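Printed here is coords34.cif (mmCIF, C-alpha atoms):
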```cif
data_final
loop_
_atom_site.label_atom_id
_atom_site.label_comp_id
_atom_site.auth_asym_id
_atom_site.auth_seq_id
_atom_site.Cartn_x
_atom_site.Cartn_y
_atom_site.Cartn_z
CA MET A 1 112.87 122.48 112.59
CA GLY A 2 112.66 126.11 111.36
CA ARG A 3 109.66 125.25 109.20
CA PHE A 4 107.95 123.48 112.09
CA ILE A 5 108.36 126.58 114.28
CA PHE A 6 107.03 128.76 111.47
CA TYR A 7 103.92 126.59 110.96
CA SER A 8 103.30 126.44 114.73
CA LEU A 9 103.50 130.22 114.98
CA PHE A 10 101.29 130.56 111.91
CA PHE A 11 98.74 128.22 113.52
CA ILE A 12 98.74 130.22 116.78
CA PHE A 13 98.46 133.50 114.85
CA GLY A 14 95.42 132.09 112.99
CA VAL A 15 93.73 131.11 116.27
CA ILE A 16 94.45 134.52 117.79
CA LEU A 17 93.16 136.42 114.75
CA GLN A 18 90.01 134.34 114.26
CA PHE A 19 88.93 133.75 117.84
CA GLY A 20 90.64 136.57 119.77
CA TRP A 21 90.68 139.62 117.52
CA SER A 22 88.05 139.18 114.82
CA GLN A 23 85.34 140.07 117.39
CA PHE A 24 86.83 143.58 117.38
CA LEU A 25 86.98 143.73 113.56
CA GLN A 26 83.36 142.76 112.97
CA PHE A 27 80.53 144.90 111.66
CA TYR A 28 77.15 143.59 112.83
CA GLY A 29 78.73 140.14 113.18
CA LEU A 30 80.19 140.25 109.68
CA ALA A 31 83.95 139.68 109.66
CA PRO A 32 86.25 137.81 107.28
CA ASN A 33 86.96 134.14 107.81
CA PHE A 34 90.72 134.55 108.08
CA LEU A 35 91.34 130.83 108.53
CA ILE A 36 89.94 129.93 105.09
CA ILE A 37 92.18 132.55 103.47
CA PHE A 38 95.23 131.34 105.42
CA ILE A 39 94.55 127.70 104.46
CA ILE A 40 94.23 128.61 100.78
CA PHE A 41 97.40 130.71 100.93
CA ILE A 42 99.53 128.02 102.59
CA SER A 43 98.05 125.20 100.47
CA LEU A 44 98.80 127.03 97.21
CA LEU A 45 102.29 127.86 98.39
CA ARG A 46 103.35 124.63 100.09
CA GLY A 47 101.04 121.96 98.65
CA PRO A 48 98.36 119.59 100.00
CA MET A 49 100.36 118.06 102.89
CA ILE A 50 100.87 121.33 104.81
CA GLY A 51 97.44 122.61 103.68
CA GLN A 52 95.55 119.64 105.06
CA LEU A 53 97.56 119.49 108.32
CA LEU A 54 97.03 123.18 109.10
CA GLY A 55 93.40 122.92 107.93
CA PHE A 56 92.87 119.97 110.26
CA SER A 57 94.47 121.80 113.23
CA TRP A 58 92.48 125.00 112.73
CA GLY A 59 89.29 123.05 112.10
CA LEU A 60 89.76 121.08 115.31
CA SER A 61 90.39 124.32 117.25
CA TRP A 62 87.17 125.80 115.82
CA ASP A 63 85.22 122.67 116.76
CA VAL A 64 86.61 122.75 120.28
CA LEU A 65 85.74 126.43 120.79
CA SER A 66 82.28 126.34 119.23
CA VAL A 67 79.07 124.52 120.12
CA ASP A 68 78.43 123.52 116.51
CA LEU A 69 78.46 119.96 115.21
CA PHE A 70 81.74 118.59 116.59
CA GLY A 71 84.10 117.51 113.80
CA SER A 72 82.39 119.53 111.05
CA TYR A 73 85.00 122.29 110.80
CA THR A 74 87.83 119.73 111.05
CA PHE A 75 86.34 117.89 108.06
CA ILE A 76 85.74 121.02 105.98
CA PHE A 77 89.12 122.69 106.57
CA THR A 78 91.02 119.42 105.96
CA CYS A 79 89.21 119.06 102.61
CA ILE A 80 89.87 122.69 101.63
CA GLY A 81 93.58 122.35 102.51
CA TYR A 82 93.97 119.12 100.55
CA PHE A 83 92.05 120.07 97.40
CA ILE A 84 93.46 123.60 97.13
CA GLY A 85 96.92 122.10 97.77
CA LYS A 86 96.38 119.88 94.73
CA LEU A 87 96.20 123.08 92.65
CA SER A 88 99.58 124.23 93.96
CA LYS A 89 102.08 125.00 91.16
CA LYS A 90 99.31 124.43 88.63
CA TRP A 91 97.61 127.80 89.03
CA ASN A 92 99.39 131.13 89.17
CA GLU A 93 98.82 131.90 92.85
CA SER A 94 100.47 135.32 92.61
CA LYS A 95 97.55 136.61 90.51
CA ALA A 96 94.91 138.47 92.56
CA VAL A 97 92.14 137.05 90.35
CA THR A 98 93.22 133.47 91.16
CA GLN A 99 93.38 134.25 94.88
CA MET A 100 89.96 135.91 94.89
CA LEU A 101 88.33 133.15 92.83
CA LEU A 102 89.67 130.34 95.00
CA VAL A 103 88.74 132.15 98.22
CA LEU A 104 85.21 132.85 96.94
CA ILE A 105 84.65 129.22 95.87
CA SER A 106 86.10 127.84 99.11
CA SER A 107 84.04 130.24 101.26
CA ILE A 108 80.84 129.19 99.50
CA MET A 109 81.85 125.52 99.78
CA PHE A 110 82.47 126.09 103.50
CA TRP A 111 78.80 126.96 104.10
CA VAL A 112 77.52 124.32 101.64
CA LEU A 113 79.55 121.57 103.33
CA LEU A 114 78.51 122.76 106.79
CA ASN A 115 74.86 122.54 105.73
CA LEU A 116 75.50 119.09 104.23
CA LEU A 117 77.19 117.78 107.38
CA TYR A 118 74.31 119.09 109.53
CA THR A 119 71.86 117.29 107.24
CA ILE A 120 73.80 114.02 107.23
CA PHE A 121 75.02 113.74 110.82
CA ALA A 122 72.52 115.65 112.96
CA PRO A 123 69.42 116.70 110.98
CA GLU A 124 67.24 117.00 114.07
CA GLU A 125 69.83 118.65 116.29
CA PHE A 126 71.31 121.30 114.01
CA ALA A 127 69.49 123.52 111.53
CA PHE A 128 71.38 125.55 108.95
CA LYS A 129 69.97 129.07 108.61
CA ILE A 130 70.86 131.40 105.78
CA ASN A 131 71.44 134.93 107.06
CA TYR A 132 73.35 137.97 105.86
CA ILE A 133 76.62 136.61 107.32
CA VAL A 134 76.35 133.47 105.18
CA ILE A 135 75.70 135.59 102.08
CA TRP A 136 78.21 138.40 102.56
CA GLN A 137 81.12 136.63 104.26
CA PRO A 138 82.32 134.88 101.04
CA VAL A 139 82.28 138.25 99.24
CA LEU A 140 84.19 139.92 102.07
CA ASN A 141 86.71 137.05 102.16
CA MET A 142 87.19 137.40 98.40
CA LEU A 143 87.76 141.16 98.61
CA ILE A 144 90.40 141.02 101.35
CA ALA A 145 92.14 137.88 100.04
CA PRO A 146 94.79 139.75 97.94
CA ILE A 147 95.73 141.91 100.95
CA ILE A 148 96.11 138.87 103.23
CA PHE A 149 98.10 137.03 100.55
CA LYS A 150 100.42 140.04 100.17
CA PHE A 151 100.92 140.25 103.93
CA CYS A 152 101.54 136.49 104.28
CA ASN A 153 104.02 136.57 101.37
CA LEU A 154 105.97 139.36 103.10
CA VAL A 155 106.05 137.39 106.36
CA ILE A 156 107.17 134.19 104.59
CA ASP A 157 109.89 136.06 102.65
CA TYR A 158 111.14 137.60 105.87
CA PHE A 159 111.08 134.24 107.64
CA ASP A 160 112.92 132.49 104.75
CA ILE A 161 115.66 135.16 104.76
CA TYR A 162 115.94 134.98 108.55
CA SER A 163 116.16 131.15 108.59
CA SER A 164 118.76 131.09 105.78
CA ARG A 165 120.94 133.50 107.79
CA HIS A 166 120.74 131.41 110.97
CA MET B 1 108.79 107.96 88.64
CA ASN B 2 108.82 106.21 92.01
CA GLU B 3 110.39 109.19 93.77
CA GLU B 4 107.59 111.41 92.47
CA PHE B 5 104.91 108.91 93.31
CA HIS B 6 105.80 108.28 96.97
CA PRO B 7 105.28 111.81 98.40
CA HIS B 8 101.86 111.93 96.67
CA ARG B 9 100.90 108.59 98.15
CA LYS B 10 101.99 109.73 101.60
CA THR B 11 99.94 112.94 101.28
CA ASN B 12 96.89 111.00 100.09
CA LEU B 13 97.22 108.48 102.92
CA ILE B 14 97.43 111.25 105.51
CA PHE B 15 94.43 112.96 103.90
CA VAL B 16 92.41 109.73 104.17
CA PHE B 17 93.51 109.33 107.79
CA LEU B 18 92.57 112.93 108.74
CA LEU B 19 89.23 112.62 106.95
CA THR B 20 88.49 109.33 108.71
CA PHE B 21 89.36 110.95 112.04
CA SER B 22 87.00 113.88 111.26
CA ILE B 23 84.19 111.47 110.40
CA PHE B 24 84.90 109.58 113.62
CA LEU B 25 84.49 112.87 115.54
CA LEU B 26 81.26 113.58 113.65
CA THR B 27 79.74 110.18 114.39
CA ALA B 28 81.03 109.75 117.94
CA ARG B 29 80.71 113.38 119.03
CA LEU B 30 78.63 112.58 122.07
CA GLY B 31 80.81 109.68 123.22
CA SER B 32 82.68 110.07 126.48
CA TYR B 33 86.13 109.67 124.84
CA VAL B 34 85.41 112.44 122.34
CA LYS B 35 84.12 114.66 125.15
CA ILE B 36 87.34 114.08 127.10
CA ILE B 37 89.43 114.99 124.01
CA LYS B 38 87.27 118.07 123.42
CA ASN B 39 87.52 119.28 127.00
CA PHE B 40 91.28 118.69 127.08
CA LEU B 41 91.79 120.62 123.83
CA PHE B 42 89.54 123.43 125.10
CA TYR B 43 91.82 123.87 128.14
CA VAL B 44 94.84 123.91 125.81
CA ILE B 45 93.43 126.34 123.22
CA ILE B 46 91.27 128.81 125.21
CA PRO B 47 94.19 130.70 126.85
CA THR B 48 95.43 131.84 123.40
CA PRO B 49 92.33 133.76 122.18
CA ARG B 50 91.65 134.90 125.75
CA PHE B 51 95.15 136.35 126.06
CA ALA B 52 94.87 137.90 122.58
CA ALA B 53 91.59 139.61 123.48
CA ASN B 54 93.13 140.99 126.67
CA VAL B 55 96.19 142.24 124.76
CA TYR B 56 93.94 143.99 122.24
CA GLN B 57 91.97 145.70 124.99
CA ALA B 58 95.13 146.66 126.85
CA SER B 59 96.74 148.10 123.70
CA HIS B 60 93.52 149.97 122.98
CA ASN B 61 93.68 151.59 126.41
CA LEU B 62 97.40 152.27 125.97
CA SER B 63 96.90 154.11 122.67
CA SER B 64 94.22 156.37 124.12
CA ASN B 65 96.47 157.15 127.10
CA ILE B 66 99.37 158.10 124.79
CA LYS B 67 97.06 160.39 122.82
CA GLY B 68 96.04 162.11 126.02
CA ILE B 69 99.67 162.65 127.05
CA VAL B 70 100.63 164.15 123.67
CA LYS B 71 97.74 166.59 123.87
CA ALA B 72 98.68 167.60 127.38
CA HIS B 73 102.29 168.33 126.31
CA GLN B 74 101.09 171.06 123.95
CA GLU B 75 100.00 173.21 126.86
CA ASN B 76 102.12 174.79 129.57
CA GLN B 77 103.33 172.85 132.59
CA LYS B 78 100.78 174.13 135.02
CA LEU B 79 97.80 173.61 132.75
CA ARG B 80 99.11 170.22 131.78
CA GLU B 81 99.35 169.14 135.38
CA MET B 82 95.85 170.43 136.06
CA LEU B 83 94.48 168.84 132.94
CA GLU B 84 96.11 165.57 133.81
CA TYR B 85 94.71 165.82 137.31
CA TYR B 86 91.19 166.54 136.08
CA ARG B 87 91.39 163.88 133.43
CA LEU B 88 92.37 161.31 135.99
CA LEU B 89 89.51 162.49 138.18
CA GLU B 90 87.12 162.35 135.25
CA ASP B 91 88.26 158.85 134.25
CA GLU B 92 87.87 157.73 137.81
CA TRP B 93 84.45 159.35 138.03
CA ALA B 94 83.33 157.74 134.76
CA GLN B 95 84.56 154.37 135.93
CA ILE B 96 82.84 154.77 139.28
CA GLN B 97 79.64 155.92 137.57
CA GLU B 98 79.76 152.97 135.16
CA GLU B 99 80.40 150.59 138.02
CA ASN B 100 77.65 152.25 140.01
CA ILE B 101 75.12 151.73 137.20
CA ARG B 102 76.24 148.14 136.79
CA LEU B 103 76.02 147.43 140.52
CA LYS B 104 72.63 149.15 140.71
CA ASN B 105 71.45 146.91 137.91
CA VAL B 106 72.78 143.87 139.71
CA PHE B 107 71.52 144.74 143.18
CA ASN B 108 68.10 145.82 141.91
CA LEU B 109 67.39 142.24 141.05
CA SER B 110 65.20 141.83 144.11
CA GLN B 111 62.81 139.64 142.11
CA PHE B 112 65.38 136.84 142.18
CA LYS B 113 65.08 135.84 145.79
CA ASN B 114 66.92 132.64 146.75
CA LYS B 115 69.18 133.08 143.73
CA LYS B 116 72.86 133.93 143.62
CA ILE B 117 73.92 136.37 140.90
CA VAL B 118 77.25 135.83 139.14
CA VAL B 119 78.52 138.68 136.94
CA ALA B 120 80.74 137.46 134.08
CA LYS B 121 82.69 139.06 131.26
CA VAL B 122 82.42 137.96 127.62
CA VAL B 123 85.92 136.80 126.66
CA SER B 124 85.49 135.28 123.21
CA ARG B 125 83.08 135.47 120.28
CA GLU B 126 83.43 134.28 116.71
CA PRO B 127 81.77 136.65 114.22
CA GLY B 128 80.69 133.77 111.95
CA SER B 129 78.67 132.42 114.88
CA TRP B 130 77.63 135.88 116.12
CA PHE B 131 74.11 134.85 117.12
CA GLN B 132 75.03 131.34 118.30
CA TRP B 133 77.46 131.29 121.22
CA ILE B 134 79.79 133.30 123.45
CA ILE B 135 82.42 132.31 125.98
CA ILE B 136 82.35 133.92 129.46
CA ASP B 137 85.06 134.04 132.13
CA LYS B 138 83.16 132.23 134.90
CA GLY B 139 82.79 128.48 135.29
CA LYS B 140 82.56 125.63 137.78
CA GLU B 141 84.59 127.59 140.35
CA ASP B 142 81.69 130.08 140.54
CA GLN B 143 79.09 127.27 140.77
CA LEU B 144 77.95 127.71 137.17
CA PHE B 145 76.20 124.64 135.77
CA ILE B 146 74.74 123.47 132.48
CA ASP B 147 71.39 125.11 131.60
CA ALA B 148 71.85 127.95 134.12
CA PRO B 149 69.99 131.04 132.79
CA VAL B 150 72.16 133.86 131.42
CA LEU B 151 70.77 137.39 131.39
CA THR B 152 71.97 140.80 130.38
CA TRP B 153 70.55 144.28 130.74
CA GLN B 154 69.46 146.67 128.04
CA ASP B 155 68.23 150.18 128.82
CA LYS B 156 68.17 149.27 132.53
CA LYS B 157 65.90 146.30 131.79
CA LEU B 158 66.91 142.73 132.44
CA CYS B 159 66.56 140.53 129.42
CA ALA B 160 67.11 136.88 128.56
CA LEU B 161 70.32 136.17 126.67
CA GLY B 162 70.81 132.39 126.71
CA ARG B 163 71.76 129.42 128.81
CA ILE B 164 75.02 127.74 129.80
CA GLY B 165 75.80 125.05 127.22
CA GLU B 166 79.18 123.80 128.41
CA VAL B 167 80.98 124.57 131.64
CA PHE B 168 84.70 124.43 132.49
CA ASN B 169 86.65 125.42 135.60
CA GLU B 170 87.14 129.10 134.77
CA SER B 171 84.98 129.59 131.68
CA SER B 172 81.71 128.53 130.13
CA LYS B 173 80.05 128.52 126.74
CA VAL B 174 76.69 130.27 126.50
CA ILE B 175 74.16 129.17 123.89
CA LEU B 176 72.33 132.36 122.91
CA ILE B 177 68.53 132.44 122.54
CA THR B 178 69.09 133.42 118.89
CA ASN B 179 70.91 130.13 118.24
CA ALA B 180 68.91 127.77 116.02
CA LEU B 181 69.47 125.14 118.74
CA SER B 182 67.52 127.25 121.24
CA ALA B 183 63.80 126.77 121.98
CA LEU B 184 62.26 128.64 124.88
CA PRO B 185 58.66 128.82 126.20
CA VAL B 186 57.49 132.45 126.13
CA LEU B 187 54.47 134.49 127.06
CA ILE B 188 53.08 137.18 124.79
CA GLU B 189 51.74 140.16 126.68
CA PRO B 190 49.08 141.52 126.94
CA VAL B 191 47.14 138.58 125.41
CA ARG B 192 48.76 136.15 127.91
CA GLU B 193 49.40 133.57 125.22
CA ASP B 194 52.11 130.90 125.57
CA GLY B 195 54.31 129.98 122.61
CA LEU B 196 57.65 128.43 121.79
CA LEU B 197 60.38 130.89 120.78
CA GLU B 198 62.97 129.42 118.41
CA GLY B 199 66.30 130.96 117.38
CA GLN B 200 67.08 131.62 113.72
CA ASN B 201 70.84 132.38 113.93
CA ALA B 202 69.88 136.02 113.25
CA PHE B 203 68.61 139.15 115.02
CA ARG B 204 65.05 137.90 114.76
CA LEU B 205 63.50 134.92 116.51
CA ARG B 206 60.28 133.11 115.74
CA ALA B 207 57.49 132.33 118.22
CA ASN B 208 55.54 129.27 117.10
CA TYR B 209 52.52 127.26 118.25
CA LEU B 210 50.32 130.30 118.96
CA THR B 211 46.53 130.22 118.77
CA PRO B 212 45.48 131.62 115.37
CA LYS B 213 42.39 133.41 116.70
CA LYS B 214 44.29 135.50 119.23
CA LYS B 215 44.81 139.06 118.13
CA PHE B 216 48.49 139.82 118.36
CA ALA B 217 49.70 143.27 117.49
CA LEU B 218 53.07 144.53 116.35
CA GLY B 219 54.97 145.79 119.37
CA ASN B 220 53.40 143.28 121.81
CA LYS B 221 55.98 142.44 124.43
CA VAL B 222 57.39 138.91 124.68
CA VAL B 223 58.62 137.66 128.07
CA THR B 224 59.74 134.33 129.48
CA SER B 225 56.89 131.99 130.37
CA PRO B 226 56.30 130.36 133.79
CA LEU B 227 56.55 127.10 131.80
CA SER B 228 60.27 127.68 131.18
CA SER B 229 62.49 125.30 133.12
CA VAL B 230 65.54 127.53 132.58
CA PHE B 231 64.45 131.16 133.06
CA PRO B 232 62.41 132.74 135.85
CA PRO B 233 59.04 134.00 134.50
CA GLY B 234 58.55 137.55 133.25
CA ILE B 235 62.06 138.21 131.95
CA MET B 236 61.97 140.54 128.95
CA ILE B 237 62.91 139.04 125.58
CA GLY B 238 61.71 141.47 122.92
CA SER B 239 58.65 142.45 120.95
CA ILE B 240 56.66 141.27 117.95
CA VAL B 241 57.91 142.90 114.75
CA ASP B 242 56.17 140.85 112.05
CA PHE B 243 53.72 138.03 111.42
CA ALA B 244 55.02 134.80 109.92
CA GLU B 245 53.43 131.87 108.13
CA SER B 246 53.10 128.82 110.32
CA GLU B 247 53.98 125.40 108.94
CA ASP B 248 50.98 123.98 110.77
CA GLU B 249 47.68 125.71 109.96
CA ARG B 250 46.30 124.93 113.44
CA PHE B 251 48.79 127.43 114.84
CA SER B 252 50.14 130.84 113.98
CA SER B 253 53.68 132.26 114.23
CA VAL B 254 55.18 135.68 114.80
CA GLU B 255 58.63 137.20 114.29
CA VAL B 256 60.18 138.58 117.48
CA GLU B 257 63.13 140.95 117.75
CA SER B 258 65.26 140.65 120.87
CA ILE B 259 65.92 143.87 122.80
CA VAL B 260 69.50 142.72 123.40
CA ASN B 261 72.15 144.67 121.50
CA PHE B 262 74.26 141.75 120.29
CA ASN B 263 76.99 144.11 119.09
CA ASN B 264 77.70 145.38 122.58
CA LEU B 265 77.80 142.30 124.79
CA ARG B 266 80.49 142.89 127.39
CA GLU B 267 79.06 141.63 130.67
CA VAL B 268 76.33 139.14 131.51
CA ILE B 269 74.80 137.76 134.69
CA VAL B 270 74.14 134.14 135.51
CA LEU B 271 71.50 133.12 138.05
CA ILE B 272 72.42 130.29 140.40
CA PRO B 273 69.87 128.86 142.87
CA GLU B 274 71.03 129.21 146.49
CA GLY B 275 72.57 126.03 147.81
CA LYS B 276 73.47 124.76 144.33
#
```

Any chance you could put this one into structure tokens?
Amino acid sequence: MGRFIFYSLFFIFGVILQFGWSQFLQFYGLAPNFLIIFIIFISLLRGPMIGQLLGFSWGLSWDVLSVDLFGSYTFIFTCIGYFIGKLSKKWNESKAVTQMLLVLISSIMFWVLLNLLYTIFAPEEFAFKINYIVIWQPVLNMLIAPIIFKFCNLVIDYFDIYSSRH
Amino acid sequence: MNEEFHPHRKTNLIFVFLLTFSIFLLTARLGSYVKIIKNFLFYVIIPTPRFAANVYQASHNLSSNIKGIVKAHQENQKLREMLEYYRLLEDEWAQIQEENIRLKNVFNLSQFKNKKIVVAKVVSREPGSWFQWIIIDKGKEDQLFIDAPVLTWQDKKLCALGRIGEVFNESSKVILITNALSALPVLIEPVREDGLLEGQNAFRLRANYLTPKKKFALGNKVVTSPLSSVFPPGIMIGSIVDFAESEDERFSSVEVESIVNFNNLREVIVLIPEGK
């Protein structure tokens, strides 16, 4: 029950940060994709089951709020959660290099898969355009990943201590 | 062995199920059932980012107020009271002036006879889709409808921003003219040449299907064409900033930069025909 509450709060926090607050953290439209970093963090820590479920929920929220190809973000985030979760306990997730590498690869895959889904499911309706956001967002995600991981670790530690006391 | 195997199988099965569901959404995205699910989820999710954005703005105002109070405490009681009084007056004056400019902009729209003007606030934007869509706080209750023209003002000039893409009771999604989904008939002044302006998901747009022999110049103004079914004619869009290669040699293309400052979109106006 405690875990369920934690994941629900984590999900809501992700939605708030990505869709409510990131508009105030942007610089010429360039802001980190916090959801990708959160999915990688939780997948590495808790495995593919939680990773894919949270990825699916955040992806669906993104699809609902955007006017992009409906279902594309759900597909991409579910895949990221599952495949990164498969690396859980196999890679040393506490290392900053690991975190940055996985975030960079996932962020690039995010755009590649989005382009692929546009091409497969709606080639005449949606056109993928490469702009500076597409190029620089993976780099930005990679650079802030260790900070987000540190912050999330602190929150999880606090939550674990709190739940063990109650 | 079995105990280890079962959780993996369960995870894989759920993964296959979620992936199948995603593909179902991708293939049946225009179906009525999917639209109902989407609209329902939108009503469930939208209050969260909307509330968060309001909290951020409120906390921003709160922090500046606290700063002002600390500064005032450093001075003597009388000066502090006076300062506080004048600051309040100044804030009020600035607000009234801002409102005055906004209302002047709105009420100066005499060219839109037989049209109702709805002023809306931008409540949500996603930086990854910065040039693609925004969510505004007006919807069906204010008679907004799909494809209604959305304008904003820049340097006291009205300019085209986008059109309503999806509409809900108290909010709507606006598809910006810079969205790659957007195509809009435009007129290039002063050569009076019609073209089709297409979004590029970036600051710049591209006007296609122009006559190659026409002499366009950098800085030529681009406005909405009378051929547009969404916008009234003559609304400012931007100006030519570069020439581009056309895919079809029978036509020429130009790069157009919108005059809208996309980093400072706070309020927009939506035009509704009277009696709609």

Considering all atoms listed in the file, tabulate each residue of chain B that lies at most 8 Å from chain A along with its nearest interatomic pair and the corresponding distance in Å to one decimal; arrange the rows by chain and ascending residue number and present them as JSON lines.
```
{"residue": "B:Thr11", "atom": "CA", "partner": "A:Met49", "partner_atom": "CA", "distance": 5.4}
{"residue": "B:Ile14", "atom": "CA", "partner": "A:Met49", "partner_atom": "CA", "distance": 7.9}
{"residue": "B:Phe15", "atom": "CA", "partner": "A:Gln52", "partner_atom": "CA", "distance": 6.9}
{"residue": "B:Leu18", "atom": "CA", "partner": "A:Phe56", "partner_atom": "CA", "distance": 7.2}
{"residue": "B:Leu19", "atom": "CA", "partner": "A:Phe75", "partner_atom": "CA", "distance": 6.1}
{"residue": "B:Ser22", "atom": "CA", "partner": "A:Phe75", "partner_atom": "CA", "distance": 5.2}
{"residue": "B:Ile23", "atom": "CA", "partner": "A:Gly71", "partner_atom": "CA", "distance": 6.9}
{"residue": "B:Phe24", "atom": "CA", "partner": "A:Gly71", "partner_atom": "CA", "distance": 8.0}
{"residue": "B:Leu25", "atom": "CA", "partner": "A:Gly71", "partner_atom": "CA", "distance": 5.0}
{"residue": "B:Leu26", "atom": "CA", "partner": "A:Gly71", "partner_atom": "CA", "distance": 4.9}
{"residue": "B:Thr27", "atom": "CA", "partner": "A:Phe121", "partner_atom": "CA", "distance": 6.9}
{"residue": "B:Arg29", "atom": "CA", "partner": "A:Phe70", "partner_atom": "CA", "distance": 5.8}
{"residue": "B:Lys38", "atom": "CA", "partner": "A:Val64", "partner_atom": "CA", "distance": 5.7}
{"residue": "B:Asn39", "atom": "CA", "partner": "A:Val64", "partner_atom": "CA", "distance": 7.6}
{"residue": "B:Leu41", "atom": "CA", "partner": "A:Val64", "partner_atom": "CA", "distance": 6.6}
{"residue": "B:Phe42", "atom": "CA", "partner": "A:Val64", "partner_atom": "CA", "distance": 5.7}
{"residue": "B:Ile45", "atom": "CA", "partner": "A:Ser61", "partner_atom": "CA", "distance": 7.0}
{"residue": "B:Ile46", "atom": "CA", "partner": "A:Leu65", "partner_atom": "CA", "distance": 7.5}
{"residue": "B:Thr48", "atom": "CA", "partner": "A:Ile16", "partner_atom": "CA", "distance": 6.3}
{"residue": "B:Pro49", "atom": "CA", "partner": "A:Gly20", "partner_atom": "CA", "distance": 4.1}
{"residue": "B:Arg50", "atom": "CA", "partner": "A:Gly20", "partner_atom": "CA", "distance": 6.3}
{"residue": "B:Phe51", "atom": "CA", "partner": "A:Gly20", "partner_atom": "CA", "distance": 7.7}
{"residue": "B:Ala52", "atom": "CA", "partner": "A:Gly20", "partner_atom": "CA", "distance": 5.2}
{"residue": "B:Ala53", "atom": "CA", "partner": "A:Gly20", "partner_atom": "CA", "distance": 4.9}
{"residue": "B:Tyr56", "atom": "CA", "partner": "A:Trp21", "partner_atom": "CA", "distance": 7.2}
{"residue": "B:Ser124", "atom": "CA", "partner": "A:Gly20", "partner_atom": "CA", "distance": 6.3}
{"residue": "B:Arg125", "atom": "CA", "partner": "A:Gln23", "partner_atom": "CA", "distance": 5.9}
{"residue": "B:Glu126", "atom": "CA", "partner": "A:Phe19", "partner_atom": "CA", "distance": 5.6}
{"residue": "B:Pro127", "atom": "CA", "partner": "A:Gly29", "partner_atom": "CA", "distance": 4.7}
{"residue": "B:Gly128", "atom": "CA", "partner": "A:Gly29", "partner_atom": "CA", "distance": 6.8}
{"residue": "B:Ser129", "atom": "CA", "partner": "A:Gly29", "partner_atom": "CA", "distance": 7.9}
{"residue": "B:Trp130", "atom": "CA", "partner": "A:Gly29", "partner_atom": "CA", "distance": 5.3}
{"residue": "B:Trp133", "atom": "CA", "partner": "A:Val67", "partner_atom": "CA", "distance": 7.0}
{"residue": "B:Gly165", "atom": "CA", "partner": "A:Val67", "partner_atom": "CA", "distance": 7.8}
{"residue": "B:Lys173", "atom": "CA", "partner": "A:Val67", "partner_atom": "CA", "distance": 7.8}
{"residue": "B:Ile175", "atom": "CA", "partner": "A:Val67", "partner_atom": "CA", "distance": 7.7}
{"residue": "B:Ala180", "atom": "CA", "partner": "A:Ala127", "partner_atom": "CA", "distance": 6.2}
{"residue": "B:Leu181", "atom": "CA", "partner": "A:Phe126", "partner_atom": "CA", "distance": 6.4}
{"residue": "B:Gln200", "atom": "CA", "partner": "A:Lys129", "partner_atom": "CA", "distance": 6.4}
{"residue": "B:Asn201", "atom": "CA", "partner": "A:Lys129", "partner_atom": "CA", "distance": 6.3}
{"residue": "B:Ala202", "atom": "CA", "partner": "A:Asn131", "partner_atom": "CA", "distance": 6.5}
{"residue": "B:Asn263", "atom": "CA", "partner": "A:Tyr28", "partner_atom": "CA", "distance": 6.3}
```

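You will find CA of Val186 (chain B) at 8.7 Å from CA of Pro233 (chain B).
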
(message) For the PyMOL selection byres ((chain B and resi 225) around 6), applied here, can you spell out every residue it catches as a PyMOL selection string?
(response) chain B and resi 185-187+224+226-228+233

(request) Output the residue selection produced by the PyMOL selection byres ((chain B and resi 238-247) around 12) on the file above, formatted as a ChimeraX atom specification. (result) /B:154,157-161,177-178,186-190,197,203-212,215-224,234-237,248-261

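Proximity of B:Glu98, B:Asn179, B:Val119, B:Phe262 to Gly199 (chain B), computed with only C-alpha atoms, is greatest for B:Asn179.
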
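Atom pair CA of Leu154 (chain A) / CA of Pro138 (chain A) has a distance of 24.2 Å (rounded to one decimal).
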
(request) For CA of Phe145 (chain B) and CA of Leu114 (chain A), quote the distance in Å rounded to one decimal. (result) 29.1 Å

(request) Evaluate the PyMOL selection byres ((chain A and resi 100-103) around 12) on the structure here and hand back the selected residues as a ChimeraX atom specification. (result) /A:32-41,43-44,80-81,83-85,87-88,91-99,104-110,137-149
